[in-house]
file query_22.cif (mmCIF, C-alpha atoms)
data_model
loop_
_atom_site.label_atom_id
_atom_site.label_comp_id
_atom_site.auth_asym_id
_atom_site.auth_seq_id
_atom_site.Cartn_x
_atom_site.Cartn_y
_atom_site.Cartn_z
CA MET A 673 14.01 20.01 12.17
CA PRO A 674 13.74 16.36 11.07
CA ALA A 675 10.86 17.21 8.71
CA THR A 676 12.94 19.85 6.95
CA SER A 677 15.94 17.58 6.51
CA THR A 678 13.64 14.81 5.26
CA GLN A 679 12.11 17.20 2.73
CA GLN A 680 15.58 18.31 1.65
CA GLU A 681 16.65 14.70 1.31
CA ILE A 682 13.60 13.92 -0.82
CA GLU A 683 14.31 16.94 -3.03
CA ASP A 684 17.97 15.93 -3.37
CA LEU A 685 16.92 12.43 -4.38
CA ARG A 686 14.47 13.83 -6.95
CA ARG A 687 17.19 16.00 -8.46
CA ARG A 688 19.58 13.06 -8.53
CA LEU A 689 16.95 10.86 -10.20
CA GLU A 690 16.30 13.54 -12.82
CA ARG A 691 20.03 13.90 -13.49
CA LEU A 692 20.41 10.12 -13.82
CA ARG A 693 17.48 9.98 -16.24
CA GLU A 694 19.03 12.71 -18.37
CA GLU A 695 22.38 10.92 -18.36
CA ALA A 696 20.69 7.66 -19.36
CA GLU A 697 18.86 9.42 -22.17
CA ASP A 698 22.09 11.00 -23.43
CA GLU A 699 23.85 7.63 -23.30
CA ILE A 700 21.07 5.92 -25.25
CA ARG A 701 21.03 8.69 -27.85
CA GLN A 702 24.79 8.33 -28.33
CA LYS A 703 24.44 4.54 -28.73
CA LEU A 704 21.63 5.08 -31.25
CA ALA A 705 23.79 7.49 -33.25
CA GLN A 706 26.62 4.95 -33.27
CA ALA A 707 24.24 2.18 -34.37
CA ARG A 708 22.91 4.36 -37.20
CA GLN A 709 26.48 5.02 -38.31
CA VAL A 710 27.19 1.27 -38.38
CA VAL A 711 24.03 0.64 -40.43
CA SER A 712 24.98 3.44 -42.80
CA ASP A 713 28.45 1.97 -43.30
CA LEU A 714 27.02 -1.50 -43.93
CA GLU A 715 24.52 -0.14 -46.46
CA ARG A 716 27.32 1.71 -48.25
CA GLN A 717 29.43 -1.46 -48.37
CA LEU A 718 26.49 -3.48 -49.67
CA SER A 719 25.82 -0.86 -52.29
CA GLU A 720 29.45 -0.98 -53.42
CA VAL A 721 29.39 -4.78 -53.67
CA THR A 722 26.05 -5.05 -55.49
CA GLY A 723 26.33 -1.90 -57.56
CA ARG A 724 22.75 -1.01 -56.59
CA PRO A 725 21.59 1.78 -54.31
CA SER A 726 20.79 0.86 -50.72
CA ALA A 727 17.28 0.94 -49.29
CA SER A 728 17.89 4.25 -47.53
CA GLU A 729 19.29 5.82 -50.72
CA ILE A 730 16.19 4.70 -52.63
CA LYS A 731 13.97 6.08 -49.89
CA ALA A 732 15.85 9.40 -49.92
CA LEU A 733 15.48 9.68 -53.69
CA THR A 734 11.74 8.92 -53.70
CA ALA A 735 10.77 10.90 -50.60
CA PRO A 736 9.21 14.30 -51.27
CA LYS A 737 11.44 17.19 -50.34
CA GLN A 738 10.43 19.08 -47.24
CA LYS A 739 9.78 22.77 -47.46
CA ARG A 740 12.50 24.80 -45.89
CA LEU A 741 11.50 26.08 -42.48
CA ARG A 742 12.23 29.76 -42.13
CA ARG A 743 12.55 31.15 -38.67
CA PRO A 744 12.28 34.84 -37.93
CA SER A 745 15.60 36.62 -37.65
CA ILE A 746 16.49 37.81 -34.20
CA SER A 747 19.23 40.12 -32.94
CA ASP A 748 21.86 38.88 -30.50
CA ASP A 749 20.50 41.22 -27.80
CA ASP A 750 16.97 39.85 -28.17
CA LEU A 751 18.30 36.29 -28.26
CA LYS A 752 20.34 36.91 -25.10
CA THR A 753 17.26 38.25 -23.32
CA GLN A 754 15.14 35.26 -24.35
CA ILE A 755 17.85 32.75 -23.40
CA LEU A 756 18.34 34.34 -19.98
CA GLN A 757 14.57 34.24 -19.37
CA ILE A 758 14.49 30.54 -20.24
CA LEU A 759 17.48 29.79 -18.02
CA ALA A 760 15.79 31.66 -15.18
CA THR A 761 12.65 29.53 -15.50
CA VAL A 762 14.66 26.29 -15.62
CA GLY A 763 16.58 27.18 -12.48
CA THR A 764 19.25 24.82 -11.19
CA ARG A 765 18.39 21.89 -13.48
CA GLY A 766 20.06 23.39 -16.53
CA ILE A 767 19.03 23.00 -20.15
CA ASN A 768 20.80 22.00 -23.35
CA ALA A 769 21.15 24.05 -26.54
CA LYS A 770 18.55 22.07 -28.46
CA GLN A 771 15.91 22.67 -25.79
CA ILE A 772 16.82 26.37 -25.69
CA ALA A 773 16.55 26.56 -29.47
CA THR A 774 13.09 25.01 -29.41
CA ALA A 775 11.97 27.47 -26.75
CA VAL A 776 13.20 30.54 -28.65
CA ASN A 777 12.19 29.21 -32.11
CA GLN A 778 15.73 29.24 -33.48
CA THR A 779 18.02 26.51 -34.76
CA PRO A 780 20.29 24.72 -32.30
CA ALA A 781 23.25 25.81 -34.43
CA ARG A 782 22.27 29.47 -33.97
CA VAL A 783 22.00 29.01 -30.20
CA ARG A 784 25.35 27.19 -30.00
CA GLN A 785 26.98 29.90 -32.12
CA PHE A 786 25.59 32.55 -29.78
CA MET A 787 26.76 30.62 -26.70
CA ALA A 788 30.27 30.30 -28.11
CA ALA A 789 30.44 34.02 -28.92
CA ASN A 790 28.96 35.05 -25.55
CA ALA A 791 30.52 32.60 -23.13
CA GLU A 792 30.31 35.11 -20.26
CA ALA A 793 26.51 35.34 -20.55
CA VAL A 794 25.86 31.78 -19.33
CA LYS A 795 27.47 29.06 -17.25
CA ARG A 796 28.32 25.90 -19.19
CA ILE A 797 28.74 22.43 -17.68
CA GLY A 798 29.74 19.39 -19.73
CA SER A 799 30.62 18.87 -23.33
CA GLY A 800 29.05 17.35 -26.40
CA PRO A 801 25.36 16.43 -26.39
CA GLY A 802 25.29 16.40 -22.59
CA THR A 803 26.23 20.08 -22.25
CA LYS A 804 23.93 21.97 -19.89
CA PHE A 805 23.60 25.72 -19.61
CA PHE A 806 22.79 27.63 -16.43
CA LEU A 807 22.53 31.23 -15.28
CA PRO A 808 25.96 32.50 -14.19
#
call {"tool": "encode", "arguments": {"input": "query_22.cif", "output": "structure tokens"}}
result
Amino acid sequence: MPATSTQQEIEDLRRRLERLREEAEDEIRQKLAQARQVVSDLERQLSEVTGRPSASEIKALTAPKQKRLRRPSISDDDLKTQILQILATVGTRGINAKQIATAVNQTPARVRQFMAANAEAVKRIGSGPGTKFFLP
């Protein structure tokens, strides 16, 4: 018996560590987004004061345009099947919409739109960038 409880305890600690890492990653990504917003605001203010475009505006104007990435169209039924397969492989850890989108070769917006329209198909925990999806 003690070996089983020790193994369970180790597994629980691993899951907790993974969850904490994901939370730390989400927190850092949110801080990075806020910092980018601050930099963007400062560049805009500097551009207004000087009357010249900011460095990022110049870079955006001179950078070559990327080709539009076209993904194959997929029906809601096929998308539901693929999403459920991915959620089954992930198990109890859960997965966010961006990771699902990468796995099914669709945009995160398409996956989020599907999830909103088919809320009964999956279990949702959290909100914002930290939202995780699970099998119901």
call {"tool": "resolve_selection", "arguments": {"input": "query_22.cif", "expression": "the PyMOL selection byres ((chain A and resi 729-734) around 12)", "output": "list in words"}}
result
Ser712, Glu715, Arg716, Leu718, Ser719, Arg724, Pro725, Ser726, Ala727, Ser728, Ala735, Pro736, Lys737 and Gln738 of chain A
call {"tool": "atom_distance", "arguments": {"input": "query_22.cif", "atom1": "atom CA of Glu681 of chain A", "atom2": "atom CA of Arg765 of chain A"}}
result
16.5 Å
call {"tool": "closest_residue", "arguments": {"input": "query_22.cif", "among": "A:Val776, A:Ile700, A:Leu807, A:Leu756", "to": "Arg743 of chain A", "atoms": "only C-alpha atoms"}}
result
A:Val776
call {"tool": "residues_around", "arguments": {"input": "query_22.cif", "residues": "Lys752 of chain A", "least_positions_apart": "2", "cutoff": "10 Å", "atoms": "all atoms listed in the file", "output": "mmCIF file with C-alpha atoms, in the coordinates of the input"}}
result
data_model
loop_
_atom_site.group_PDB
_atom_site.id
_atom_site.type_symbol
_atom_site.label_atom_id
_atom_site.label_comp_id
_atom_site.auth_asym_id
_atom_site.auth_seq_id
_atom_site.Cartn_x
_atom_site.Cartn_y
_atom_site.Cartn_z
ATOM 1 C CA ILE A 746 16.490 37.810 -34.200
ATOM 2 C CA SER A 747 19.230 40.120 -32.940
ATOM 3 C CA ASP A 748 21.860 38.880 -30.500
ATOM 4 C CA ASP A 749 20.500 41.220 -27.800
ATOM 5 C CA ASP A 750 16.970 39.850 -28.170
ATOM 6 C CA GLN A 754 15.140 35.260 -24.350
ATOM 7 C CA ILE A 755 17.850 32.750 -23.400
ATOM 8 C CA LEU A 756 18.340 34.340 -19.980
ATOM 9 C CA GLN A 757 14.570 34.240 -19.370
ATOM 10 C CA ILE A 758 14.490 30.540 -20.240
ATOM 11 C CA VAL A 783 22.000 29.010 -30.200
ATOM 12 C CA PHE A 786 25.590 32.550 -29.780
ATOM 13 C CA MET A 787 26.760 30.620 -26.700
ATOM 14 C CA ASN A 790 28.960 35.050 -25.550
ATOM 15 C CA ALA A 793 26.510 35.340 -20.550
ATOM 16 C CA VAL A 794 25.860 31.780 -19.330
#
call {"tool": "residues_around", "arguments": {"input": "query_22.cif", "residues": "Asp698 of chain A", "least_positions_apart": "5", "cutoff": "12 Å", "atoms": "only C-alpha atoms", "output": "list of chain:residue names"}}
result
A:Arg691, A:Leu692, A:Arg693, A:Lys703, A:Leu704, A:Ala705, A:Asn768, A:Gly798, A:Ser799, A:Gly800, A:Pro801, A:Gly802, A:Thr803, A:Lys804
call {"tool": "atom_distance", "arguments": {"input": "query_22.cif", "atom1": "atom CA of Gln706 of chain A", "atom2": "atom CA of Arg740 of chain A"}}
result
27.4 Å
call {"tool": "atom_distance", "arguments": {"input": "query_22.cif", "atom1": "atom CA of Gln680 of chain A", "atom2": "atom CA of Ala696 of chain A"}}
result
24.1 Å
call {"tool": "closest_residue", "arguments": {"input": "query_22.cif", "among": "A:Pro744, A:Gly723, A:Gly763, A:Pro808", "to": "Asn777 of chain A", "atoms": "all atoms listed in the file"}}
result
A:Pro744
call {"tool": "closest_residue", "arguments": {"input": "query_22.cif", "among": "A:Arg796, A:Leu741, A:Asp713, A:Gln679", "to": "Leu759 of chain A", "atoms": "only C-alpha atoms"}}
result
A:Arg796
call {"tool": "residues_around", "arguments": {"input": "query_22.cif", "residues": "Ala769 of chain A", "least_positions_apart": "2", "cutoff": "7 Å", "atoms": "only C-alpha atoms", "output": "PyMOL selection string"}}
result
chain A and resi 767+771-773+780+783-784
call {"tool": "write_last_selection", "arguments": {"input": "query_22.cif", "atoms": "C-alpha atoms", "output": "short mmCIF file (atom, residue, chain, number, x, y, z; two decimals), in the frame of the given file"}}
result
data_model
loop_
_atom_site.label_atom_id
_atom_site.label_comp_id
_atom_site.auth_asym_id
_atom_site.auth_seq_id
_atom_site.Cartn_x
_atom_site.Cartn_y
_atom_site.Cartn_z
CA ILE A 767 19.03 23.00 -20.15
CA GLN A 771 15.91 22.67 -25.79
CA ILE A 772 16.82 26.37 -25.69
CA ALA A 773 16.55 26.56 -29.47
CA PRO A 780 20.29 24.72 -32.30
CA VAL A 783 22.00 29.01 -30.20
CA ARG A 784 25.35 27.19 -30.00
#
